[in-house]
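File shown here: final.cif, holding mmCIF, C-alpha atoms (C1' of nucleotides).
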```cif
data_model
loop_
_atom_site.label_atom_id
_atom_site.label_comp_id
_atom_site.auth_asym_id
_atom_site.auth_seq_id
_atom_site.Cartn_x
_atom_site.Cartn_y
_atom_site.Cartn_z
CA MET A 163 -93.39 20.81 -57.86
CA ASP A 164 -94.32 18.17 -55.39
CA PRO A 165 -91.31 17.44 -53.20
CA THR A 166 -92.85 14.12 -52.21
CA MET A 167 -91.79 12.73 -55.56
CA ASP A 168 -88.10 13.05 -54.80
CA GLN A 169 -88.20 10.93 -51.69
CA PRO A 170 -86.57 7.53 -51.52
CA LEU A 171 -88.98 4.75 -52.36
CA SER A 172 -88.53 3.19 -48.94
CA ARG A 173 -89.67 6.39 -47.26
CA MET A 174 -92.73 6.63 -49.44
CA LEU A 175 -93.61 3.03 -48.70
CA LEU A 176 -93.14 3.57 -44.99
CA GLU A 177 -95.28 6.69 -44.95
CA SER A 178 -97.95 5.03 -47.03
CA TYR A 179 -97.98 2.14 -44.61
CA ARG A 180 -98.25 4.43 -41.62
CA SER A 181 -101.03 6.38 -43.27
CA VAL A 182 -103.11 3.32 -44.07
CA GLU A 183 -102.36 1.77 -40.69
CA GLU A 184 -103.42 4.91 -38.89
CA GLU A 185 -106.69 4.95 -40.78
CA THR A 186 -107.24 1.33 -39.88
CA VAL A 187 -106.62 1.94 -36.20
CA ALA A 188 -109.10 4.79 -36.31
CA ALA A 189 -111.65 2.60 -38.06
CA LEU A 190 -111.16 -0.08 -35.41
CA ALA A 191 -111.60 2.44 -32.64
CA ASP A 192 -114.81 3.65 -34.28
CA ARG A 193 -116.15 0.14 -34.01
CA GLY A 194 -115.35 0.01 -30.34
CA GLU A 195 -112.56 -2.50 -30.75
CA LEU A 196 -110.35 -0.76 -28.26
CA GLY A 197 -107.41 -2.65 -26.86
CA LEU A 198 -106.61 -4.33 -30.14
CA SER A 199 -103.25 -3.22 -31.46
CA PRO A 200 -102.35 -3.43 -35.15
CA SER A 201 -100.07 -6.38 -34.61
CA GLN A 202 -102.76 -8.17 -32.62
CA ALA A 203 -105.34 -7.52 -35.28
CA ALA A 204 -102.92 -8.77 -37.92
CA ALA A 205 -102.33 -11.94 -35.91
CA LEU A 206 -106.04 -12.62 -35.50
CA LEU A 207 -106.42 -12.58 -39.26
CA LEU A 208 -103.79 -15.28 -39.64
CA VAL A 209 -105.47 -17.86 -37.44
CA ASP A 210 -107.58 -20.27 -39.40
CA ARG A 211 -110.82 -21.77 -38.26
CA SER A 212 -109.35 -25.03 -37.08
CA GLY A 213 -106.61 -23.26 -35.20
CA THR A 214 -103.00 -22.68 -36.15
CA ARG A 215 -99.65 -23.41 -34.58
CA LEU A 216 -97.55 -20.62 -33.21
CA THR A 217 -94.69 -21.40 -35.56
CA GLU A 218 -97.01 -21.33 -38.53
CA LEU A 219 -98.42 -17.98 -37.44
CA ALA A 220 -94.92 -16.60 -37.14
CA ALA A 221 -94.05 -17.85 -40.61
CA ARG A 222 -97.17 -16.26 -42.06
CA ALA A 223 -96.40 -12.96 -40.38
CA GLN A 224 -92.74 -13.21 -41.35
CA ILE A 225 -91.53 -12.64 -37.83
CA THR A 226 -89.75 -14.87 -35.33
CA LYS A 227 -91.76 -17.32 -33.32
CA GLN A 228 -90.65 -15.50 -30.17
CA ALA A 229 -92.16 -12.30 -31.48
CA MET A 230 -95.39 -14.09 -32.31
CA MET A 231 -95.32 -15.58 -28.82
CA GLN A 232 -95.60 -12.14 -27.30
CA VAL A 233 -98.50 -11.20 -29.52
CA VAL A 234 -100.32 -14.44 -28.76
CA ASP A 235 -99.54 -14.09 -25.05
CA ASP A 236 -101.26 -10.72 -25.06
CA LEU A 237 -104.18 -12.03 -27.08
CA GLU A 238 -104.56 -14.91 -24.66
CA THR A 239 -104.45 -12.60 -21.66
CA ALA A 240 -107.12 -10.51 -23.35
CA GLY A 241 -109.22 -13.64 -23.83
CA SER A 242 -109.24 -13.48 -27.62
CA VAL A 243 -107.37 -16.69 -28.11
CA ARG A 244 -106.50 -19.84 -26.27
CA ARG A 245 -103.81 -22.46 -26.67
CA VAL A 246 -104.87 -26.06 -26.87
CA PRO A 247 -102.53 -29.03 -27.15
CA ASP A 248 -102.13 -30.44 -30.64
CA PRO A 249 -103.36 -34.07 -30.58
CA THR A 250 -101.08 -35.00 -33.47
CA ASP A 251 -97.88 -33.67 -31.90
CA ALA A 252 -97.20 -33.58 -28.18
CA ARG A 253 -94.72 -30.72 -28.59
CA ALA A 254 -97.15 -28.48 -30.33
CA LYS A 255 -100.10 -26.36 -29.29
CA VAL A 256 -102.75 -24.93 -31.49
CA VAL A 257 -103.80 -21.33 -31.22
CA ARG A 258 -107.54 -21.11 -31.49
CA LEU A 259 -109.86 -18.13 -31.51
CA THR A 260 -112.35 -17.75 -28.67
CA ALA A 261 -115.82 -16.37 -29.28
CA ARG A 262 -114.43 -12.98 -28.38
CA GLY A 263 -111.55 -13.40 -30.79
CA LEU A 264 -113.93 -14.36 -33.56
CA ARG A 265 -115.96 -11.24 -32.95
CA GLN A 266 -112.86 -9.09 -32.90
CA ARG A 267 -111.58 -10.62 -36.06
CA ALA A 268 -114.86 -9.95 -37.81
CA GLU A 269 -114.72 -6.33 -36.72
CA ALA A 270 -111.09 -6.08 -37.74
CA ARG A 271 -111.94 -7.40 -41.17
CA LYS A 272 -114.72 -4.91 -41.56
CA ALA A 273 -112.50 -2.06 -40.46
CA ILE A 274 -109.82 -3.10 -42.93
CA SER A 275 -112.35 -3.51 -45.71
CA ALA A 276 -113.74 -0.08 -45.01
CA VAL A 277 -110.32 1.51 -45.24
CA GLU A 278 -109.46 -0.36 -48.41
CA ALA A 279 -112.74 0.54 -50.03
CA ARG A 280 -112.17 4.15 -49.13
CA THR A 281 -108.66 4.06 -50.52
CA ARG A 282 -109.88 2.40 -53.66
CA ARG A 283 -112.39 5.15 -54.15
CA ARG A 284 -109.80 7.82 -53.56
CA LEU A 285 -107.24 6.35 -55.94
CA GLY A 286 -109.63 5.01 -58.48
CA ALA A 287 -110.23 1.32 -58.98
CA ARG A 288 -107.69 0.97 -61.75
CA ARG A 289 -104.85 2.63 -59.89
CA TYR A 290 -105.69 0.79 -56.70
CA ASP A 291 -105.66 -2.61 -58.38
CA THR A 292 -102.44 -1.79 -60.19
CA LEU A 293 -100.89 -0.78 -56.88
CA ARG A 294 -101.68 -4.14 -55.34
CA GLU A 295 -100.31 -5.99 -58.35
CA THR A 296 -97.13 -3.97 -58.30
CA LEU A 297 -96.60 -4.58 -54.60
CA VAL A 298 -97.02 -8.29 -55.16
CA ALA A 299 -94.38 -8.13 -57.89
CA LEU A 300 -92.11 -6.13 -55.61
CA LEU A 301 -92.37 -8.80 -52.95
CA GLN A 302 -91.69 -11.60 -55.39
CA PRO A 303 -88.36 -13.26 -54.67
CA ASP A 304 -85.68 -11.92 -56.96
CA MET B 31 -103.20 -18.71 -56.83
CA ASP B 32 -100.94 -16.25 -55.11
CA PRO B 33 -102.06 -15.84 -51.51
CA THR B 34 -100.13 -12.58 -51.28
CA MET B 35 -102.95 -10.89 -53.15
CA ASP B 36 -105.45 -11.39 -50.37
CA GLN B 37 -103.47 -9.60 -47.73
CA PRO B 38 -104.51 -6.28 -46.30
CA LEU B 39 -102.99 -3.35 -48.13
CA SER B 40 -101.25 -2.16 -44.99
CA ARG B 41 -99.43 -5.48 -44.67
CA MET B 42 -98.30 -5.40 -48.26
CA LEU B 43 -97.03 -1.86 -47.85
CA LEU B 44 -95.20 -2.80 -44.67
CA GLU B 45 -93.56 -5.81 -46.24
CA SER B 46 -92.61 -3.87 -49.33
CA TYR B 47 -91.06 -1.24 -47.14
CA ARG B 48 -89.12 -3.82 -45.17
CA SER B 49 -87.94 -5.47 -48.34
CA VAL B 50 -86.66 -2.27 -49.91
CA GLU B 51 -85.19 -1.10 -46.63
CA GLU B 52 -83.35 -4.34 -46.16
CA GLU B 53 -81.86 -4.08 -49.62
CA THR B 54 -80.79 -0.55 -48.86
CA VAL B 55 -79.11 -1.54 -45.63
CA ALA B 56 -77.25 -4.27 -47.50
CA ALA B 57 -76.19 -1.80 -50.18
CA LEU B 58 -74.94 0.57 -47.50
CA ALA B 59 -72.99 -2.19 -45.81
CA ASP B 60 -71.44 -3.10 -49.17
CA ARG B 61 -70.09 0.40 -49.37
CA GLY B 62 -68.54 0.14 -45.95
CA GLU B 63 -70.97 2.52 -44.32
CA LEU B 64 -71.34 0.45 -41.22
CA GLY B 65 -72.82 2.04 -38.18
CA LEU B 66 -75.37 4.04 -40.11
CA SER B 67 -78.88 2.96 -39.27
CA PRO B 68 -81.79 3.49 -41.65
CA SER B 69 -83.23 6.27 -39.54
CA GLN B 70 -79.85 7.96 -39.35
CA ALA B 71 -79.38 7.69 -43.09
CA ALA B 72 -82.86 9.10 -43.63
CA ALA B 73 -82.08 12.02 -41.34
CA LEU B 74 -78.82 12.81 -43.13
CA LEU B 75 -80.76 13.18 -46.37
CA LEU B 76 -83.02 15.79 -44.81
CA VAL B 77 -80.31 18.22 -43.75
CA ASP B 78 -79.73 20.93 -46.28
CA ARG B 79 -76.41 22.44 -47.15
CA SER B 80 -76.79 25.49 -44.97
CA GLY B 81 -77.93 23.40 -42.03
CA THR B 82 -81.40 22.76 -40.71
CA ARG B 83 -83.13 23.16 -37.38
CA LEU B 84 -84.05 20.14 -35.36
CA THR B 85 -87.73 21.02 -35.43
CA GLU B 86 -87.65 21.39 -39.19
CA LEU B 87 -85.96 18.02 -39.55
CA ALA B 88 -88.62 16.45 -37.37
CA ALA B 89 -91.35 18.02 -39.49
CA ARG B 90 -89.75 16.75 -42.68
CA ALA B 91 -89.44 13.25 -41.26
CA GLN B 92 -92.96 13.45 -39.83
CA ILE B 93 -91.86 12.46 -36.38
CA THR B 94 -91.75 14.34 -33.08
CA LYS B 95 -88.85 16.64 -32.36
CA GLN B 96 -87.95 14.43 -29.41
CA ALA B 97 -87.58 11.48 -31.71
CA MET B 98 -85.45 13.50 -34.08
CA MET B 99 -83.37 14.58 -31.10
CA GLN B 100 -82.32 11.02 -30.46
CA VAL B 101 -81.35 10.46 -34.05
CA VAL B 102 -79.35 13.68 -34.16
CA ASP B 103 -77.77 12.90 -30.79
CA ASP B 104 -76.47 9.65 -32.20
CA LEU B 105 -75.30 11.28 -35.41
CA GLU B 106 -73.49 13.91 -33.38
CA THR B 107 -71.84 11.29 -31.19
CA ALA B 108 -70.75 9.52 -34.36
CA GLY B 109 -69.28 12.77 -35.64
CA SER B 110 -71.53 13.01 -38.69
CA VAL B 111 -73.24 16.17 -37.61
CA ARG B 112 -72.78 19.06 -35.26
CA ARG B 113 -75.11 21.57 -33.67
CA VAL B 114 -74.27 25.23 -34.04
CA PRO B 115 -76.26 28.08 -32.53
CA ASP B 116 -78.64 29.81 -34.91
CA PRO B 117 -77.55 33.47 -35.17
CA THR B 118 -81.08 34.56 -35.99
CA ASP B 119 -82.71 32.90 -32.99
CA ALA B 120 -81.08 32.35 -29.64
CA ARG B 121 -83.37 29.45 -28.83
CA ALA B 122 -82.53 27.55 -31.93
CA LYS B 123 -79.58 25.52 -33.09
CA VAL B 124 -78.76 24.50 -36.58
CA VAL B 125 -77.85 20.93 -37.43
CA ARG B 126 -75.00 20.92 -39.88
CA LEU B 127 -73.23 18.07 -41.63
CA THR B 128 -69.57 17.51 -40.89
CA ALA B 129 -67.17 16.36 -43.60
CA ARG B 130 -67.85 12.84 -42.43
CA GLY B 131 -71.58 13.37 -42.58
CA LEU B 132 -71.29 14.70 -46.11
CA ARG B 133 -69.36 11.64 -47.16
CA GLN B 134 -71.88 9.36 -45.51
CA ARG B 135 -74.77 11.13 -47.11
CA ALA B 136 -73.17 10.78 -50.52
CA GLU B 137 -72.74 7.05 -49.95
CA ALA B 138 -76.27 6.76 -48.66
CA ARG B 139 -77.60 8.47 -51.75
CA LYS B 140 -75.64 6.15 -53.98
CA ALA B 141 -76.84 3.10 -52.09
CA ILE B 142 -80.44 4.28 -52.37
CA SER B 143 -80.05 5.05 -56.04
CA ALA B 144 -78.60 1.63 -56.67
CA VAL B 145 -81.53 -0.08 -54.98
CA GLU B 146 -84.08 2.06 -56.80
CA ALA B 147 -82.45 1.44 -60.14
CA ARG B 148 -82.45 -2.25 -59.44
CA THR B 149 -86.11 -2.16 -58.43
CA ARG B 150 -86.99 -0.15 -61.50
CA ARG B 151 -85.33 -2.74 -63.68
CA ARG B 152 -87.14 -5.55 -61.90
CA LEU B 153 -90.57 -3.97 -62.10
CA GLY B 154 -90.13 -2.31 -65.43
CA ALA B 155 -89.84 1.43 -65.82
CA ARG B 156 -93.52 1.96 -66.43
CA ARG B 157 -94.72 0.03 -63.43
CA TYR B 158 -92.08 1.58 -61.21
CA ASP B 159 -93.02 5.12 -62.17
CA THR B 160 -96.70 4.37 -61.75
CA LEU B 161 -95.99 2.98 -58.31
CA ARG B 162 -94.31 6.19 -57.21
CA GLU B 163 -97.15 8.28 -58.59
CA THR B 164 -99.74 6.17 -56.85
CA LEU B 165 -97.93 6.39 -53.54
CA VAL B 166 -97.80 10.16 -53.86
CA ALA B 167 -101.54 10.16 -54.45
CA LEU B 168 -102.04 7.87 -51.49
CA LEU B 169 -100.15 10.27 -49.25
CA GLN B 170 -102.07 13.26 -50.50
CA PRO B 171 -104.22 14.78 -47.75
CA ASP B 172 -107.79 13.58 -48.12
"C1'" DG C 254 -83.88 -49.64 -30.82
"C1'" DC C 255 -81.36 -45.89 -30.20
"C1'" DA C 256 -78.28 -41.88 -30.97
"C1'" DA C 257 -78.18 -37.68 -33.62
"C1'" DT C 258 -80.42 -34.10 -35.31
"C1'" DG C 259 -84.48 -31.26 -36.05
"C1'" DT C 260 -88.65 -28.85 -34.58
"C1'" DG C 261 -92.29 -26.60 -31.33
"C1'" DG C 262 -92.82 -23.76 -27.54
"C1'" DT C 263 -90.88 -20.88 -24.00
"C1'" DA C 264 -87.91 -17.58 -21.19
"C1'" DA C 265 -84.95 -13.62 -20.79
"C1'" DA C 266 -82.75 -9.73 -22.27
"C1'" DG C 267 -82.13 -6.13 -25.29
"C1'" DG C 268 -82.52 -2.85 -29.18
"C1'" DT C 269 -84.77 0.46 -32.49
"C1'" DG C 270 -87.71 3.88 -33.31
"C1'" DC C 271 -91.03 6.00 -31.95
"C1'" DT C 272 -94.45 8.36 -28.24
"C1'" DT C 273 -96.19 11.62 -24.31
"C1'" DG C 274 -95.28 14.86 -20.62
"C1'" DA C 275 -92.87 18.38 -18.53
"C1'" DC C 276 -89.72 22.26 -18.45
"C1'" DG C 277 -86.48 26.34 -19.04
"C1'" DA C 278 -85.15 29.66 -22.39
"C1'" DT C 279 -86.24 32.73 -25.92
"C1'" DC C 280 -89.22 35.07 -29.26
"C1'" DC C 281 -93.17 37.71 -30.67
"C1'" DA C 282 -97.78 40.18 -30.63
"C1'" DC C 283 -100.45 43.09 -28.34
"C1'" DG D 268 -93.98 44.24 -20.50
"C1'" DT D 269 -96.68 40.49 -20.08
"C1'" DG D 270 -98.90 36.14 -22.19
"C1'" DG D 271 -98.65 32.80 -25.20
"C1'" DA D 272 -96.19 30.23 -28.88
"C1'" DT D 273 -91.80 28.01 -30.22
"C1'" DC D 274 -86.94 25.66 -29.75
"C1'" DG D 275 -84.39 22.45 -27.68
"C1'" DT D 276 -83.99 19.20 -24.01
"C1'" DC D 277 -84.64 15.51 -20.22
"C1'" DA D 278 -87.18 11.56 -18.77
"C1'" DA D 279 -90.00 7.76 -19.00
"C1'" DG D 280 -92.34 4.43 -21.51
"C1'" DC D 281 -94.39 1.64 -25.18
"C1'" DA D 282 -94.89 -1.25 -29.59
"C1'" DC D 283 -92.71 -4.46 -31.97
"C1'" DC D 284 -89.06 -6.81 -33.08
"C1'" DT D 285 -84.47 -9.39 -32.38
"C1'" DT D 286 -80.79 -12.82 -30.49
"C1'" DT D 287 -79.44 -16.31 -27.32
"C1'" DA D 288 -80.49 -20.17 -24.72
"C1'" DC D 289 -83.30 -24.20 -23.16
"C1'" DC D 290 -86.22 -28.15 -22.67
"C1'" DA D 291 -89.52 -31.46 -24.46
"C1'" DC D 292 -90.78 -34.20 -27.99
"C1'" DA D 293 -90.26 -36.03 -33.15
"C1'" DT D 294 -88.01 -37.91 -36.85
"C1'" DT D 295 -84.28 -39.83 -39.28
"C1'" DG D 296 -80.45 -43.00 -40.14
"C1'" DC D 297 -77.92 -46.71 -38.82
#
```

Rendering of file as structure tokens:
Amino acid sequence: MDPTMDQPLSRMLLESYRSVEEETVAALADRGELGLSPSQAAALLLVDRSGTRLTELAARAQITKQAMMQVVDDLETAGSVRRVPDPTDARAKVVRLTARGLRQRAEARKAISAVEARTRRRLGARRYDTLRETLVALLQPD
Amino acid sequence: MDPTMDQPLSRMLLESYRSVEEETVAALADRGELGLSPSQAAALLLVDRSGTRLTELAARAQITKQAMMQVVDDLETAGSVRRVPDPTDARAKVVRLTARGLRQRAEARKAISAVEARTRRRLGARRYDTLRETLVALLQPD
DNA sequence: GCAATGTGGTAAAGGTGCTTGACGATCCAC
DNA sequence: GTGGATCGTCAAGCACCTTTACCACATTGC
């Protein structure tokens, strides 16, 4: 009998997350993208081509803007991102990817794709797709 | 088109975890089990009736023994648990639930069950069960 | 046109849940 | 018995997030 089955759902989700995340970090490291933490990589993926406001990034990541600030601060220090004033709103700044950030994001995407493809192979396409659908349903507002 | 579907798997898993965890915390609070953090609740569930060593608890939770130390320290301070010397090994101590800890664990179990039942209803029994199976497969060593 | 209220970015402090490193005490195999 | 593993512990630190508090600028309502 597999004892894993008896665990609370939240635990299983957490461990699954950690497992996938760990694989992703390893895949990133393999590509030489050292010095890019998971939260930084996640943030890079949220910036769109024309640049995105801090508040919008925070909303997309579902964290506070202050938390996103810290991530963007680090990314800016690392030269992956820069903040430019928003011409349409003097309060706002737009977070924009630098050439370096673009490169990193591309690598991050590849690393993530590799892990997902690997997972899909392991689980089987059908189960993998069903998993994603179920998670979407789980996250749907009640 | 639901943009949720495009997210990396790790993000979806993390958000699902947070969502379920949040519900669980709320359910715990409803039952008056204030002052019991998720990690503490998780640890309580890992202690078996006859008591369990710190190292074993850490292994079960898949964290370092030092991390488990902190959780157990807090639980002990809160009077939910106590450490008694292991008669079979002078180095070891056994973590044992107090009456309070037993009560808390029972409440925690109920809270978790309530959330899982609710989730099962929302997703449908079939999808819910498939989700658990898939997560088990995901966690299986490669 | 201006006060009230809202929003974007920032600063500071703190908390949770983990990590790594080091260490004494005890156990066990040889 | 001696050397190496194991148990619990202390200490420091890090990743990632929060709350509280501000100021600058925008927008709304009158």

Kindly provide, as a PyMOL selection string, the residues of chain A having any atom no farther than 9 Å from an atom of chain C, counting only C-alpha atoms (C1' of nucleotides).
chain A and resi 215-217+227-228+231+253-255

Could the residues in this selection be written to a file with C-alpha atoms, as a PDB file, keeping the file's coordinate frame?
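Heads up, here's the output in part.pdb:
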```pdb
ATOM      1  CA  ARG A 215     -99.650 -23.410 -34.580  1.00  0.00           C
ATOM      2  CA  LEU A 216     -97.550 -20.620 -33.210  1.00  0.00           C
ATOM      3  CA  THR A 217     -94.690 -21.400 -35.560  1.00  0.00           C
ATOM      4  CA  LYS A 227     -91.760 -17.320 -33.320  1.00  0.00           C
ATOM      5  CA  GLN A 228     -90.650 -15.500 -30.170  1.00  0.00           C
ATOM      6  CA  MET A 231     -95.320 -15.580 -28.820  1.00  0.00           C
ATOM      7  CA  ARG A 253     -94.720 -30.720 -28.590  1.00  0.00           C
ATOM      8  CA  ALA A 254     -97.150 -28.480 -30.330  1.00  0.00           C
ATOM      9  CA  LYS A 255    -100.100 -26.360 -29.290  1.00  0.00           C
TER      10      LYS A 255
END
```

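What separates atom C1' of D:DC274 from atom CA of B:Glu86 is a distance of 10.4 Å.
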
Please report as a VMD selection string which residues of chain A come no farther than 10 Å from chain D, using only C-alpha atoms (C1' of nucleotides).
chain A and resid 199 to 201 225 to 226 228 to 230 232 to 233 251 to 254

Two-atom distance - atom CA of B:Leu43, atom CA of A:Arg173 (Å):
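Rounded to one decimal, the two atoms are 11.1 Å apart.
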
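Proximity to chain A was assessed for B:Ala91, B:Val114, B:Leu66, B:Leu74 counting only C-alpha atoms; the smallest distance is recorded for B:Ala91.
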
Where does chain B meet chain A within 10 Å, residue by residue, with the nearest atom pair and distance in Å to one decimal for each, counting only C-alpha atoms, listed by chain and rising number, as JSON lines?
```
{"residue": "B:Asp32", "atom": "CA", "partner": "A:Val298", "partner_atom": "CA", "distance": 8.9}
{"residue": "B:Pro33", "atom": "CA", "partner": "A:Val298", "partner_atom": "CA", "distance": 9.8}
{"residue": "B:Thr34", "atom": "CA", "partner": "A:Val298", "partner_atom": "CA", "distance": 6.6}
{"residue": "B:Met35", "atom": "CA", "partner": "A:Val298", "partner_atom": "CA", "distance": 6.8}
{"residue": "B:Asp36", "atom": "CA", "partner": "A:Arg294", "partner_atom": "CA", "distance": 9.6}
{"residue": "B:Gln37", "atom": "CA", "partner": "A:Leu207", "partner_atom": "CA", "distance": 9.5}
{"residue": "B:Pro38", "atom": "CA", "partner": "A:Ile274", "partner_atom": "CA", "distance": 7.0}
{"residue": "B:Leu39", "atom": "CA", "partner": "A:Glu278", "partner_atom": "CA", "distance": 7.1}
{"residue": "B:Ser40", "atom": "CA", "partner": "A:Tyr179", "partner_atom": "CA", "distance": 5.4}
{"residue": "B:Arg41", "atom": "CA", "partner": "A:Tyr179", "partner_atom": "CA", "distance": 7.8}
{"residue": "B:Met42", "atom": "CA", "partner": "A:Leu297", "partner_atom": "CA", "distance": 6.6}
{"residue": "B:Leu43", "atom": "CA", "partner": "A:Tyr179", "partner_atom": "CA", "distance": 5.2}
{"residue": "B:Leu44", "atom": "CA", "partner": "A:Tyr179", "partner_atom": "CA", "distance": 5.7}
{"residue": "B:Glu45", "atom": "CA", "partner": "A:Leu301", "partner_atom": "CA", "distance": 7.4}
{"residue": "B:Ser46", "atom": "CA", "partner": "A:Leu301", "partner_atom": "CA", "distance": 6.1}
{"residue": "B:Tyr47", "atom": "CA", "partner": "A:Leu175", "partner_atom": "CA", "distance": 5.2}
{"residue": "B:Arg48", "atom": "CA", "partner": "A:Ser172", "partner_atom": "CA", "distance": 8.0}
{"residue": "B:Ser49", "atom": "CA", "partner": "A:Leu301", "partner_atom": "CA", "distance": 7.2}
{"residue": "B:Val50", "atom": "CA", "partner": "A:Ser172", "partner_atom": "CA", "distance": 5.9}
{"residue": "B:Glu51", "atom": "CA", "partner": "A:Ser172", "partner_atom": "CA", "distance": 5.9}
{"residue": "B:Glu52", "atom": "CA", "partner": "A:Ser172", "partner_atom": "CA", "distance": 9.6}
{"residue": "B:Glu53", "atom": "CA", "partner": "A:Ser172", "partner_atom": "CA", "distance": 9.9}
{"residue": "B:Thr54", "atom": "CA", "partner": "A:Ser172", "partner_atom": "CA", "distance": 8.6}
{"residue": "B:Pro68", "atom": "CA", "partner": "A:Ser172", "partner_atom": "CA", "distance": 9.9}
{"residue": "B:Ala72", "atom": "CA", "partner": "A:Arg173", "partner_atom": "CA", "distance": 8.2}
{"residue": "B:Leu75", "atom": "CA", "partner": "A:Gln169", "partner_atom": "CA", "distance": 9.4}
{"residue": "B:Leu76", "atom": "CA", "partner": "A:Gln169", "partner_atom": "CA", "distance": 9.9}
{"residue": "B:Ala91", "atom": "CA", "partner": "A:Arg173", "partner_atom": "CA", "distance": 9.1}
{"residue": "B:Gln92", "atom": "CA", "partner": "A:Glu177", "partner_atom": "CA", "distance": 8.8}
{"residue": "B:Arg139", "atom": "CA", "partner": "A:Pro170", "partner_atom": "CA", "distance": 9.0}
{"residue": "B:Ile142", "atom": "CA", "partner": "A:Pro170", "partner_atom": "CA", "distance": 7.0}
{"residue": "B:Ser143", "atom": "CA", "partner": "A:Pro170", "partner_atom": "CA", "distance": 8.3}
{"residue": "B:Val145", "atom": "CA", "partner": "A:Leu171", "partner_atom": "CA", "distance": 9.3}
{"residue": "B:Glu146", "atom": "CA", "partner": "A:Leu171", "partner_atom": "CA", "distance": 7.1}
{"residue": "B:Thr149", "atom": "CA", "partner": "A:Leu300", "partner_atom": "CA", "distance": 7.7}
{"residue": "B:Arg150", "atom": "CA", "partner": "A:Leu300", "partner_atom": "CA", "distance": 9.8}
{"residue": "B:Arg152", "atom": "CA", "partner": "A:Leu300", "partner_atom": "CA", "distance": 8.0}
{"residue": "B:Leu153", "atom": "CA", "partner": "A:Leu300", "partner_atom": "CA", "distance": 7.0}
{"residue": "B:Arg157", "atom": "CA", "partner": "A:Thr296", "partner_atom": "CA", "distance": 6.9}
{"residue": "B:Tyr158", "atom": "CA", "partner": "A:Thr296", "partner_atom": "CA", "distance": 8.0}
{"residue": "B:Thr160", "atom": "CA", "partner": "A:Leu293", "partner_atom": "CA", "distance": 8.2}
{"residue": "B:Leu161", "atom": "CA", "partner": "A:Leu293", "partner_atom": "CA", "distance": 6.3}
{"residue": "B:Arg162", "atom": "CA", "partner": "A:Met167", "partner_atom": "CA", "distance": 7.2}
{"residue": "B:Glu163", "atom": "CA", "partner": "A:Met167", "partner_atom": "CA", "distance": 7.6}
{"residue": "B:Thr164", "atom": "CA", "partner": "A:Arg289", "partner_atom": "CA", "distance": 6.9}
{"residue": "B:Leu165", "atom": "CA", "partner": "A:Met174", "partner_atom": "CA", "distance": 6.6}
{"residue": "B:Val166", "atom": "CA", "partner": "A:Thr166", "partner_atom": "CA", "distance": 6.6}
{"residue": "B:Ala167", "atom": "CA", "partner": "A:Leu285", "partner_atom": "CA", "distance": 7.0}
{"residue": "B:Leu168", "atom": "CA", "partner": "A:Ser178", "partner_atom": "CA", "distance": 6.7}
{"residue": "B:Leu169", "atom": "CA", "partner": "A:Ser178", "partner_atom": "CA", "distance": 6.1}
{"residue": "B:Gln170", "atom": "CA", "partner": "A:Thr166", "partner_atom": "CA", "distance": 9.4}
{"residue": "B:Asp172", "atom": "CA", "partner": "A:Arg284", "partner_atom": "CA", "distance": 8.2}
```

One-decimal distance in Å that lies between atom CA of A:Ala221 and atom CA of A:Asp248
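About the pair atom CA of A:Asp248 and atom CA of A:Ala221: they are 18.0 Å apart.
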
Spatial neighbours of A:Leu259, max dist 8 Å, all atoms listed in the file, sep filter under 6 positions, as a list of chain:residue names:
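The filter keeps A:Leu206, A:Val209, A:Arg211, A:Gly213, A:Ser242, A:Val243, A:Arg244.
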
Centre, edges in Å (one decimal): axis-aligned box, stretch 56-65 of chain B, 6 Å padding on all six sides, as AutoDock Vina command-line options:
```
--center_x -72.9 --center_y -0.9 --center_z -44.2 --size_x 20.7 --size_y 18.8 --size_z 24.0
```

Restrict the output to stretch 271-286 of chain D and C-alpha atoms (C1' of nucleotides), then write it as a PDB file, in the first residue's frame.
```
ATOM      1  C1'  DG D 271      32.603   6.386  11.595  1.00  0.00           C
ATOM      2  C1'  DA D 272      27.522   6.994  11.400  1.00  0.00           C
ATOM      3  C1'  DT D 273      23.431   8.873  13.791  1.00  0.00           C
ATOM      4  C1'  DC D 274      20.457  11.902  17.169  1.00  0.00           C
ATOM      5  C1'  DG D 275      19.538  16.100  18.799  1.00  0.00           C
ATOM      6  C1'  DT D 276      20.919  20.809  19.137  1.00  0.00           C
ATOM      7  C1'  DC D 277      22.729  25.771  18.444  1.00  0.00           C
ATOM      8  C1'  DA D 278      23.575  29.399  15.242  1.00  0.00           C
ATOM      9  C1'  DA D 279      23.316  31.955  11.263  1.00  0.00           C
ATOM     10  C1'  DG D 280      21.231  33.009   7.092  1.00  0.00           C
ATOM     11  C1'  DC D 281      18.315  33.047   2.967  1.00  0.00           C
ATOM     12  C1'  DA D 282      14.019  33.039  -0.125  1.00  0.00           C
ATOM     13  C1'  DC D 283       9.836  34.819  -0.356  1.00  0.00           C
ATOM     14  C1'  DC D 284       6.246  36.803   1.435  1.00  0.00           C
ATOM     15  C1'  DT D 285       3.494  40.096   4.562  1.00  0.00           C
ATOM     16  C1'  DT D 286       1.788  44.567   7.010  1.00  0.00           C
TER      17       DT D 286
END
```
